[in-house]
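To start, the structure itself, in structure tokens.
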Amino acid sequence: MLKSTLSGSTGRTMPVAKRAWTYAGLITAIGLAWPQLAVAQQTATGTTAIPAQSDTGDIVVTAQKRSESVLDVPLSVSVLDAGQLENAHITDYADLSRSVPGLSFTNTGTSGTSRIALRGVASASGSATVGVYLDDVSLTFPNQFFTGATLPRLFDIARVEVLRGPQGTLYGDSSLGGTIRFITNKPVLGEASGNASGELSTTEGGGTNYKADAAVNLPIGRNLALRVAGQTGYQSGYIDRVDSNGLPVDTDINSERHYAARATLLWEPAPDLKITPSLQYQYVKTANSGIFNLDLPKFQTDKMLTEPSRDELYVPSLTIEKSFGDYTLTSVTSYMHRTFDRQMDAVIYNSEYVAYAIDPDFGEAYDTISVLPGVLLNKDTVNKWAQEIRFASPSIEQGHRFEWQVGVYADSLKVRSRDDEYVYGLNEAVADLYPDQTVEDLIGYPAPGGLLGYFHSDRTRKQIAGFAEGSFMVTDRLKLTAGIRQVKAWTDYEMNEGGWLAAGTPANERVKANESPLTPKVALNYRVGDTISLYASAAKGFRLGGQNSTLPTYCSSSVEELGLDPDAARSYHSDSLWSYEAGVKSRLFGDRVTMNASVYRIDWHNIQQQLSLPSCGYVITANAGDARSQGGELELVGRINQALTLRATAGYTDAKIRNAAEGSSASDGQHVLGVPDWNITLGADYRRPLSDDSEFFAGTNWTYTGESYGSFSTSNSDYLREDYWVGTFNLGFQIKDFRISGFVKNVLDDRTIIQKPSILFVRQGLTVYPRTIGISVGKSF
């Protein structure tokens, strides 16, 4: 076994066996819009209110942080409101990706490890390509080797907004593909109200699941209100663990528990002043990974150790809105703290690896040491302070010829990663096998407590940005929108590493860098009539750079073979893309048919990606290569009568490498990894009144996810990923303020293996969550 290493996106170095984890993080499940999505295709610059229908029939949104008709916003966004989230039983990124055009995700079978992508802009290294927001609070941070994007728990949510296309003007870095915003319900003055619901279900091949949540709105005097909400839940697993003889050890090991709570206070001391402090806390505990061994009976794994994880998040924020006549000043101060602890079975990586180093002849020592408990302990901690202040003029909707907003944004981000790798019992085994020698005598390094290596990094980033965006009515029907954002960022990376697994690398290193990306955008919107509009836009997106660990000196020639300077390669810089989009939005036949369509082309340059250094066994993250993504989305909703609504949506994404970088293992013309080609959704909703205060409802939704690719190598078992269908169905009754319903997720119990990574010749798999049947009840008061 060769002692070869690779560097993950955190800059750490790792044994070559761990190269498999870069493949084990690639599942794709992408879908299209849920029920009324087609009526909510809006510009991708943010909204702050649930779409409403005006007296004229227009859909009114605040997609550009001001109220306006959806027909007047020249970019694309999908909105899923609380009812759609509930009816589709959307609980995670997998469910969300099957409900939104252009959205895809990958993970390693564990909650909290997802990578998300929009419109084919997908990357597992460097910074994130999609921004994640809780209201106006950014939860975005750079890709970590073992940690994925944050998913706020979906409780007491007004809606989820998926803003497609780069959001460089108003949302800044890490919005190349787009931005996802989770918008919470806000307190209401002078109103005492609340709701509670519960859900019980069972999973095919698994066990019983439950979920309970509640929210209450409490008025406190005339100008003060408090909203408190919470949720708890348990999801059974369906993976069984067996021993080396195939005998059962434990069942349903990939279960998950979560707890979440949110408190929001609204204080209006004056008609022109609104102060809103908020705090969200959530805790998710996963008992084990959802990855199974394809060489065993379905949904079984024979890993020696369990792989639990704990994901804790709290987000306090303070929003202040002050009006000066028709002008508005908004301040958003926020903090995010996330801790992700994870244990991974490293027998195949560390135990077998050190066993071979000690006994390359595969004798008694190898047999003994290779089955010792090998453990990888990883803990990532993210802390992020942010401040945004923006000032907005009166809107065009208020009768003005032009509108504008300007702002300043600053944040301070620190990501601390602690990776410790052990083979428990190593010293004791060596003492028995080699009475006159120690571990240090055999491999050249001591292993206190079985510690083979540690990799501790601290990454800090500070940035300040100024932005401006405005719109001007060129004619009564033609609106021109333009925006720009200038960023200045400073990054600082420090790594401390040691032990046998870190052999050849410096014990301590520190790298600093700075950069100043500029992102403009321009868009046109033309009203053909009262119910039809055409739009076109061009926008730039970017993500900030970072640093690599310093490589061993013997890697310098390998770096030079890639055309890079070894010293300069210690940092990678911003990559960027230009997106060009055109579309039409319409309400036809007296608003009975809604049709939205868009086409786009994205040119992505100097991509932050991992490049292999085969002659020294490492990889680095560097700016190299180009890609192009192009495609389109079509959304149709037909209201057949007052009871029945039909919908059909389709999306096509063609994301390919245009200029493959040496060391990337890709070739020109190959597909960007983890991006399905076709997505289709077919659905229907039926609602029939039974009396003045009761009704029957039923709905179904079927999503098709097309083929995608998980590797650039045609010999890799995960090279081509199969297409699959997932169906959901629900029906129930609404009686006054009481609701009861039954539901089925994955109606046909589709068990398609949607990822098949091969890790050191062990073929593993991930599948769609099996069929789940349940009942839910809820009451408002």
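Letters for chains follow the order of the structure tokens (A, B, ...), residue numbers begin at 1 for each chain, and ligand numbers begin at 1 in the order shown.
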Within 12 Å of A:Gln670, counting only C-alpha atoms, which residues show up once you throw out same-chain ones fewer than 4 positions away? Write them as a ChimeraX atom specification, please. /A:626-629,654-660,664-666,674-675,708-714,719-720
Please produce a file of the residues just selected, as a compact mmCIF listing (two decimals), in the first residue's frame, where the atoms kept are N, CA and C atoms.
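Result file is result.txt:
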# COMPACT_ATOMS: atom_id res chain seq x y z
N ASP A 626 -12.47 25.81 -17.24
CA ASP A 626 -13.72 26.53 -17.48
C ASP A 626 -14.84 25.52 -17.71
N ALA A 627 -16.08 25.97 -17.47
CA ALA A 627 -17.25 25.13 -17.73
C ALA A 627 -18.38 26.02 -18.25
N ARG A 628 -19.33 25.39 -18.90
CA ARG A 628 -20.52 26.10 -19.38
C ARG A 628 -21.76 25.29 -19.02
N SER A 629 -22.74 25.98 -18.48
CA SER A 629 -24.03 25.36 -18.18
C SER A 629 -25.10 26.12 -18.93
N ASP A 654 -27.61 21.35 -19.18
CA ASP A 654 -26.48 20.78 -19.91
C ASP A 654 -25.23 21.49 -19.40
N ALA A 655 -24.58 20.92 -18.38
CA ALA A 655 -23.41 21.52 -17.74
C ALA A 655 -22.19 20.68 -18.10
N LYS A 656 -21.25 21.27 -18.84
CA LYS A 656 -20.11 20.52 -19.33
C LYS A 656 -18.80 21.30 -19.15
N ILE A 657 -17.72 20.52 -19.08
CA ILE A 657 -16.38 21.08 -19.00
C ILE A 657 -16.00 21.61 -20.38
N ARG A 658 -15.54 22.84 -20.45
CA ARG A 658 -15.12 23.42 -21.73
C ARG A 658 -13.60 23.48 -21.86
N ASN A 659 -12.93 23.65 -20.74
CA ASN A 659 -11.47 23.73 -20.76
C ASN A 659 -10.96 22.96 -19.55
N ALA A 660 -10.73 21.66 -19.73
CA ALA A 660 -10.33 20.80 -18.61
C ALA A 660 -8.92 21.14 -18.16
N SER A 664 -7.14 17.59 -13.15
CA SER A 664 -8.54 17.50 -12.70
C SER A 664 -9.16 16.16 -13.02
N SER A 665 -8.53 15.35 -13.85
CA SER A 665 -9.00 14.04 -14.34
C SER A 665 -10.17 14.17 -15.31
N ALA A 666 -10.61 15.40 -15.60
CA ALA A 666 -11.71 15.61 -16.54
C ALA A 666 -11.17 15.81 -17.95
N GLY A 674 -22.58 15.51 -10.67
CA GLY A 674 -23.71 15.69 -9.77
C GLY A 674 -24.83 16.55 -10.29
N VAL A 675 -24.95 16.70 -11.61
CA VAL A 675 -25.98 17.57 -12.19
C VAL A 675 -26.86 16.74 -13.13
N SER A 708 -27.22 11.48 -14.23
CA SER A 708 -26.13 12.40 -13.91
C SER A 708 -24.84 11.59 -13.80
N TYR A 709 -23.75 12.27 -13.49
CA TYR A 709 -22.45 11.62 -13.44
C TYR A 709 -21.80 11.89 -12.09
N GLY A 710 -21.16 10.83 -11.53
CA GLY A 710 -20.51 10.98 -10.24
C GLY A 710 -19.01 10.91 -10.30
N SER A 711 -18.46 10.66 -11.49
CA SER A 711 -17.01 10.57 -11.65
C SER A 711 -16.65 10.90 -13.10
N PHE A 712 -15.43 11.37 -13.30
CA PHE A 712 -14.94 11.60 -14.66
C PHE A 712 -14.38 10.32 -15.27
N SER A 713 -14.14 9.31 -14.46
CA SER A 713 -13.55 8.07 -14.93
C SER A 713 -14.65 7.09 -15.35
N THR A 714 -14.58 6.61 -16.59
CA THR A 714 -15.61 5.70 -17.09
C THR A 714 -15.55 4.34 -16.41
N TYR A 719 -19.68 6.27 -12.15
CA TYR A 719 -19.56 7.13 -13.32
C TYR A 719 -20.93 7.63 -13.80
N LEU A 720 -21.86 6.71 -14.06
CA LEU A 720 -23.19 7.08 -14.53
C LEU A 720 -24.22 6.76 -13.46
Using backbone DSSP assignments, extract all strand (DSSP E) residues from stretch 714-744 of chain A; output them as a VMD selection string. chain A and resid 720 to 721 724 to 735 738 to 744
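Excluding stretch 643-651 of chain A itself and any same-chain residue fewer than 6 positions from it, the protein and nucleic acid residues within 7 Å of it, counting only C-alpha atoms, are Leu32, Ala33, Pro35, Pro101, Gly102, Gly632, Glu633, Leu634, Glu635, Leu636, Val637, Trp678, Asn679, Ile680, Thr681, Leu682, Gly683, Ala684, Asp685, Tyr686, Arg687 and Arg688 of chain A.
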Neighbouring residues of stretch 189-193 of chain A were defined as those with any atom within 8 Å, considering only C-alpha atoms; residues of the same chain fewer than 4 positions away were excluded. Please report them as a ChimeraX atom specification. /A:216-225,266,780-781
For the residues selected in the previous step, produce a file with N, CA and C atoms as a PDB file, in the first residue's frame.
ATOM      1  N   VAL A 216     -46.733  29.950  18.832  1.00  0.00           N
ATOM      2  CA  VAL A 216     -47.699  30.818  19.488  1.00  0.00           C
ATOM      3  C   VAL A 216     -47.277  32.270  19.295  1.00  0.00           C
ATOM      4  N   ASN A 217     -48.257  33.119  19.011  1.00  0.00           N
ATOM      5  CA  ASN A 217     -48.036  34.556  18.854  1.00  0.00           C
ATOM      6  C   ASN A 217     -48.711  35.265  20.031  1.00  0.00           C
ATOM      7  N   LEU A 218     -47.927  36.002  20.811  1.00  0.00           N
ATOM      8  CA  LEU A 218     -48.429  36.627  22.030  1.00  0.00           C
ATOM      9  C   LEU A 218     -48.278  38.142  21.958  1.00  0.00           C
ATOM     10  N   PRO A 219     -49.388  38.886  21.974  1.00  0.00           N
ATOM     11  CA  PRO A 219     -49.291  40.351  22.051  1.00  0.00           C
ATOM     12  C   PRO A 219     -48.912  40.776  23.465  1.00  0.00           C
ATOM     13  N   ILE A 220     -48.017  41.756  23.554  1.00  0.00           N
ATOM     14  CA  ILE A 220     -47.582  42.286  24.844  1.00  0.00           C
ATOM     15  C   ILE A 220     -47.777  43.800  24.790  1.00  0.00           C
ATOM     16  N   GLY A 221     -48.949  44.259  25.120  1.00  0.00           N
ATOM     17  CA  GLY A 221     -49.245  45.676  24.966  1.00  0.00           C
ATOM     18  C   GLY A 221     -49.583  46.008  23.524  1.00  0.00           C
ATOM     19  N   ARG A 222     -49.633  47.304  23.226  1.00  0.00           N
ATOM     20  CA  ARG A 222     -50.041  47.735  21.881  1.00  0.00           C
ATOM     21  C   ARG A 222     -48.927  47.646  20.852  1.00  0.00           C
ATOM     22  N   ASN A 223     -47.679  47.785  21.270  1.00  0.00           N
ATOM     23  CA  ASN A 223     -46.596  47.875  20.288  1.00  0.00           C
ATOM     24  C   ASN A 223     -45.534  46.792  20.456  1.00  0.00           C
ATOM     25  N   LEU A 224     -45.895  45.692  21.111  1.00  0.00           N
ATOM     26  CA  LEU A 224     -44.926  44.629  21.347  1.00  0.00           C
ATOM     27  C   LEU A 224     -45.606  43.277  21.154  1.00  0.00           C
ATOM     28  N   ALA A 225     -44.916  42.364  20.461  1.00  0.00           N
ATOM     29  CA  ALA A 225     -45.448  41.011  20.257  1.00  0.00           C
ATOM     30  C   ALA A 225     -44.293  40.020  20.243  1.00  0.00           C
ATOM     31  N   LEU A 266     -41.131  41.451  18.244  1.00  0.00           N
ATOM     32  CA  LEU A 266     -41.386  42.619  17.401  1.00  0.00           C
ATOM     33  C   LEU A 266     -41.769  43.792  18.300  1.00  0.00           C
ATOM     34  N   SER A 780     -55.244  24.991  14.581  1.00  0.00           N
ATOM     35  CA  SER A 780     -54.928  26.411  14.758  1.00  0.00           C
ATOM     36  C   SER A 780     -55.856  26.999  15.807  1.00  0.00           C
ATOM     37  N   PHE A 781     -55.373  28.008  16.491  1.00  0.00           N
ATOM     38  CA  PHE A 781     -56.208  28.641  17.519  1.00  0.00           C
ATOM     39  C   PHE A 781     -55.840  30.117  17.641  1.00  0.00           C
TER      40      PHE A 781
END
So that I can see what lies close to stretch 523-536 of chain A, please list as a ChimeraX atom specification the residues with an atom at most 7 Å from it, counting only C-alpha atoms and leaving out residues fewer than 3 positions away in the same chain. /A:71-74,477-482,581-587
Pull N, CA and C atoms from the residues just selected and write them as a PDB file, in the first residue's frame.
ATOM      1  N   LEU A  71     -44.657  40.176 -12.443  1.00  0.00           N
ATOM      2  CA  LEU A  71     -44.424  40.405 -13.868  1.00  0.00           C
ATOM      3  C   LEU A  71     -43.365  41.471 -14.119  1.00  0.00           C
ATOM      4  N   ASP A  72     -43.026  42.238 -13.085  1.00  0.00           N
ATOM      5  CA  ASP A  72     -42.082  43.343 -13.266  1.00  0.00           C
ATOM      6  C   ASP A  72     -40.670  43.026 -12.807  1.00  0.00           C
ATOM      7  N   VAL A  73     -40.433  41.812 -12.334  1.00  0.00           N
ATOM      8  CA  VAL A  73     -39.094  41.464 -11.868  1.00  0.00           C
ATOM      9  C   VAL A  73     -38.401  40.577 -12.902  1.00  0.00           C
ATOM     10  N   PRO A  74     -37.179  40.933 -13.301  1.00  0.00           N
ATOM     11  CA  PRO A  74     -36.580  40.319 -14.490  1.00  0.00           C
ATOM     12  C   PRO A  74     -35.617  39.166 -14.233  1.00  0.00           C
ATOM     13  N   ARG A 477     -43.618  50.969 -20.415  1.00  0.00           N
ATOM     14  CA  ARG A 477     -43.630  49.499 -20.395  1.00  0.00           C
ATOM     15  C   ARG A 477     -42.247  48.887 -20.198  1.00  0.00           C
ATOM     16  N   LEU A 478     -41.187  49.638 -20.428  1.00  0.00           N
ATOM     17  CA  LEU A 478     -39.832  49.091 -20.404  1.00  0.00           C
ATOM     18  C   LEU A 478     -39.074  49.602 -19.176  1.00  0.00           C
ATOM     19  N   LYS A 479     -38.584  48.661 -18.353  1.00  0.00           N
ATOM     20  CA  LYS A 479     -37.826  49.009 -17.154  1.00  0.00           C
ATOM     21  C   LYS A 479     -36.408  48.488 -17.278  1.00  0.00           C
ATOM     22  N   LEU A 480     -35.442  49.337 -16.949  1.00  0.00           N
ATOM     23  CA  LEU A 480     -34.022  48.992 -16.949  1.00  0.00           C
ATOM     24  C   LEU A 480     -33.549  48.903 -15.500  1.00  0.00           C
ATOM     25  N   THR A 481     -32.906  47.805 -15.152  1.00  0.00           N
ATOM     26  CA  THR A 481     -32.355  47.610 -13.805  1.00  0.00           C
ATOM     27  C   THR A 481     -30.858  47.371 -13.914  1.00  0.00           C
ATOM     28  N   ALA A 482     -30.086  48.013 -13.054  1.00  0.00           N
ATOM     29  CA  ALA A 482     -28.638  47.835 -13.034  1.00  0.00           C
ATOM     30  C   ALA A 482     -28.158  47.817 -11.589  1.00  0.00           C
ATOM     31  N   GLU A 581     -29.699  35.329 -19.206  1.00  0.00           N
ATOM     32  CA  GLU A 581     -31.005  34.699 -19.057  1.00  0.00           C
ATOM     33  C   GLU A 581     -32.075  35.509 -19.767  1.00  0.00           C
ATOM     34  N   ALA A 582     -33.047  34.809 -20.333  1.00  0.00           N
ATOM     35  CA  ALA A 582     -34.214  35.454 -20.926  1.00  0.00           C
ATOM     36  C   ALA A 582     -35.440  34.624 -20.588  1.00  0.00           C
ATOM     37  N   GLY A 583     -36.578  35.294 -20.419  1.00  0.00           N
ATOM     38  CA  GLY A 583     -37.761  34.546 -20.040  1.00  0.00           C
ATOM     39  C   GLY A 583     -39.050  35.285 -20.306  1.00  0.00           C
ATOM     40  N   VAL A 584     -40.139  34.568 -20.111  1.00  0.00           N
ATOM     41  CA  VAL A 584     -41.475  35.128 -20.254  1.00  0.00           C
ATOM     42  C   VAL A 584     -42.298  34.693 -19.055  1.00  0.00           C
ATOM     43  N   LYS A 585     -43.158  35.586 -18.570  1.00  0.00           N
ATOM     44  CA  LYS A 585     -44.081  35.293 -17.469  1.00  0.00           C
ATOM     45  C   LYS A 585     -45.467  35.702 -17.929  1.00  0.00           C
ATOM     46  N   SER A 586     -46.435  34.846 -17.664  1.00  0.00           N
ATOM     47  CA  SER A 586     -47.762  35.161 -18.190  1.00  0.00           C
ATOM     48  C   SER A 586     -48.859  34.515 -17.369  1.00  0.00           C
ATOM     49  N   ARG A 587     -50.011  35.181 -17.396  1.00  0.00           N
ATOM     50  CA  ARG A 587     -51.265  34.633 -16.882  1.00  0.00           C
ATOM     51  C   ARG A 587     -52.255  34.685 -18.039  1.00  0.00           C
TER      52      ARG A 587
END
Residues near A:Leu613, anyone? I mean within 9 Å using only C-alpha atoms, not counting same-chain ones fewer than 3 positions away, as a PyMOL selection string. chain A and resi 6+555+558-559+561-562+616-620+663
Would you write out those residues with C-alpha atoms, as a PDB file, in the first residue's frame?
ATOM      1  CA  LEU A   6      -4.515  14.164  -0.714  1.00  0.00           C
ATOM      2  CA  CYS A 555       5.840  18.112  -4.438  1.00  0.00           C
ATOM      3  CA  SER A 558       4.493  18.176  -9.471  1.00  0.00           C
ATOM      4  CA  VAL A 559       3.001  21.635  -8.970  1.00  0.00           C
ATOM      5  CA  GLU A 561       4.080  20.279 -14.043  1.00  0.00           C
ATOM      6  CA  LEU A 562       0.585  21.790 -13.758  1.00  0.00           C
ATOM      7  CA  CYS A 616       3.795  13.090  -5.000  1.00  0.00           C
ATOM      8  CA  GLY A 617       0.345  11.800  -4.015  1.00  0.00           C
ATOM      9  CA  TYR A 618      -1.288  15.084  -2.959  1.00  0.00           C
ATOM     10  CA  VAL A 619      -3.952  17.372  -4.380  1.00  0.00           C
ATOM     11  CA  ILE A 620      -4.322  21.129  -4.155  1.00  0.00           C
ATOM     12  CA  GLY A 663      -4.734  17.312 -12.854  1.00  0.00           C
TER      13      GLY A 663
END
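The nearest approach to A:Gln167 among the residues A:Asp81, A:Glu469, A:Glu312, A:Glu421, with only C-alpha atoms taken into account, belongs to A:Glu469.
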Determine, for each residue of stretch 387-504 of chain A having at least one atom at most 12 Å from an atom of stretch 137-152 of chain A, the closest pair of atoms and their separation in Å to one decimal, counting only C-alpha atoms; order by chain and ascending number, as CSV.
residue,atom,partner,partner_atom,distance
A:Gln387,CA,A:Val137,CA,9.3
A:Glu388,CA,A:Val137,CA,9.5
A:Tyr409,CA,A:Ser138,CA,11.3
A:Ala410,CA,A:Ser138,CA,11.4
A:Asp411,CA,A:Ser138,CA,9.7
A:Ser412,CA,A:Phe141,CA,10.9
A:Leu413,CA,A:Phe141,CA,7.9
A:Lys414,CA,A:Phe141,CA,9.1
A:Val415,CA,A:Phe141,CA,8.2
A:Arg416,CA,A:Gln144,CA,10.1
A:Ser417,CA,A:Gln144,CA,8.5
A:Arg418,CA,A:Phe146,CA,10.7
A:Asp419,CA,A:Phe146,CA,9.6
A:Phe455,CA,A:Phe145,CA,11.9
A:Ser457,CA,A:Gln144,CA,11.1
A:Asp458,CA,A:Gln144,CA,11.8
A:Arg459,CA,A:Pro142,CA,9.6
A:Thr460,CA,A:Pro142,CA,10.6
A:Arg461,CA,A:Phe141,CA,10.0
A:Thr491,CA,A:Pro142,CA,11.8
Using DSSP on the backbone, list every residue of stretch 49-172 of chain A that comes out as alpha helix (DSSP H), and give them as a PyMOL selection string. chain A and resi 82-87+93-97
Would you mind reading off the distance between atom CA of A:Gly498 and atom CA of A:Tyr353, one decimal, in Å? 17.0 Å
Please build the interface table for stretch 262-298 of chain A against stretch 234-254 of chain A with a cut-off of 10 Å, listing for each qualifying residue the nearest atom pair and the distance in Å to one decimal; count only C-alpha atoms, order rows by chain and increasing number, and write it as JSON lines.
{"residue": "A:Val284", "atom": "CA", "partner": "A:Tyr234", "partner_atom": "CA", "distance": 9.8}
{"residue": "A:Lys285", "atom": "CA", "partner": "A:Tyr234", "partner_atom": "CA", "distance": 9.6}
{"residue": "A:Thr286", "atom": "CA", "partner": "A:Asn254", "partner_atom": "CA", "distance": 6.7}
{"residue": "A:Ala287", "atom": "CA", "partner": "A:Asn254", "partner_atom": "CA", "distance": 5.4}
{"residue": "A:Asn288", "atom": "CA", "partner": "A:Asn254", "partner_atom": "CA", "distance": 4.4}
{"residue": "A:Ser289", "atom": "CA", "partner": "A:Asn254", "partner_atom": "CA", "distance": 5.5}
{"residue": "A:Gly290", "atom": "CA", "partner": "A:Asn254", "partner_atom": "CA", "distance": 5.5}
{"residue": "A:Ile291", "atom": "CA", "partner": "A:Ile239", "partner_atom": "CA", "distance": 7.9}
{"residue": "A:Phe292", "atom": "CA", "partner": "A:Ile239", "partner_atom": "CA", "distance": 6.9}
{"residue": "A:Asn293", "atom": "CA", "partner": "A:Arg241", "partner_atom": "CA", "distance": 9.9}
{"residue": "A:Leu296", "atom": "CA", "partner": "A:Gly246", "partner_atom": "CA", "distance": 8.1}
{"residue": "A:Pro297", "atom": "CA", "partner": "A:Gly246", "partner_atom": "CA", "distance": 9.2}
{"residue": "A:Lys298", "atom": "CA", "partner": "A:Ile239", "partner_atom": "CA", "distance": 8.6}
Based on the selection just made, write C-alpha atoms of those residues as a compact mmCIF listing (two decimals), in the first residue's frame.
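The new file selection-v8.txt reads:
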# COMPACT_ATOMS: atom_id res chain seq x y z
CA VAL A 284 -29.57 17.31 15.07
CA LYS A 285 -28.13 13.96 16.12
CA THR A 286 -27.62 11.20 13.56
CA ALA A 287 -26.91 7.72 14.88
CA ASN A 288 -25.08 6.45 11.80
CA SER A 289 -24.40 7.00 8.12
CA GLY A 290 -26.92 6.03 5.45
CA ILE A 291 -24.24 4.46 3.23
CA PHE A 292 -24.51 0.68 2.70
CA ASN A 293 -22.37 -2.04 1.10
CA LEU A 296 -24.05 -7.38 0.88
CA PRO A 297 -27.83 -7.90 0.86
CA LYS A 298 -29.62 -4.63 0.26
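For stretch 355-368 of chain A, the set of protein, DNA and RNA residues having any atom at most 8 Å away, when counting only C-alpha atoms and skipping those fewer than 6 positions along the same chain, is Met1, Ala429, Leu433, Leu442 and Ile443 of chain A.
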Save the residues we just selected, N, CA and C atoms, as an mmCIF file, in the first residue's frame?
data_model
loop_
_atom_site.group_PDB
_atom_site.id
_atom_site.type_symbol
_atom_site.label_atom_id
_atom_site.label_comp_id
_atom_site.auth_asym_id
_atom_site.auth_seq_id
_atom_site.Cartn_x
_atom_site.Cartn_y
_atom_site.Cartn_z
ATOM 1 N N MET A 1 0.859 -1.194 0.000
ATOM 2 C CA MET A 1 0.000 0.000 0.000
ATOM 3 C C MET A 1 0.885 1.230 0.000
ATOM 4 N N ALA A 429 -1.123 -3.831 20.718
ATOM 5 C CA ALA A 429 -0.926 -4.908 19.745
ATOM 6 C C ALA A 429 0.537 -5.024 19.349
ATOM 7 N N LEU A 433 3.068 -8.195 19.676
ATOM 8 C CA LEU A 433 3.655 -8.779 18.470
ATOM 9 C C LEU A 433 5.171 -8.593 18.408
ATOM 10 N N LEU A 442 8.891 1.128 14.660
ATOM 11 C CA LEU A 442 8.427 0.482 13.427
ATOM 12 C C LEU A 442 8.058 1.470 12.320
ATOM 13 N N ILE A 443 7.441 2.606 12.665
ATOM 14 C CA ILE A 443 6.992 3.526 11.608
ATOM 15 C C ILE A 443 7.647 4.903 11.697
#
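With atom CA of A:Leu748 on one side and atom CA of A:Gly699 on the other, the separation reads 15.8 Å.
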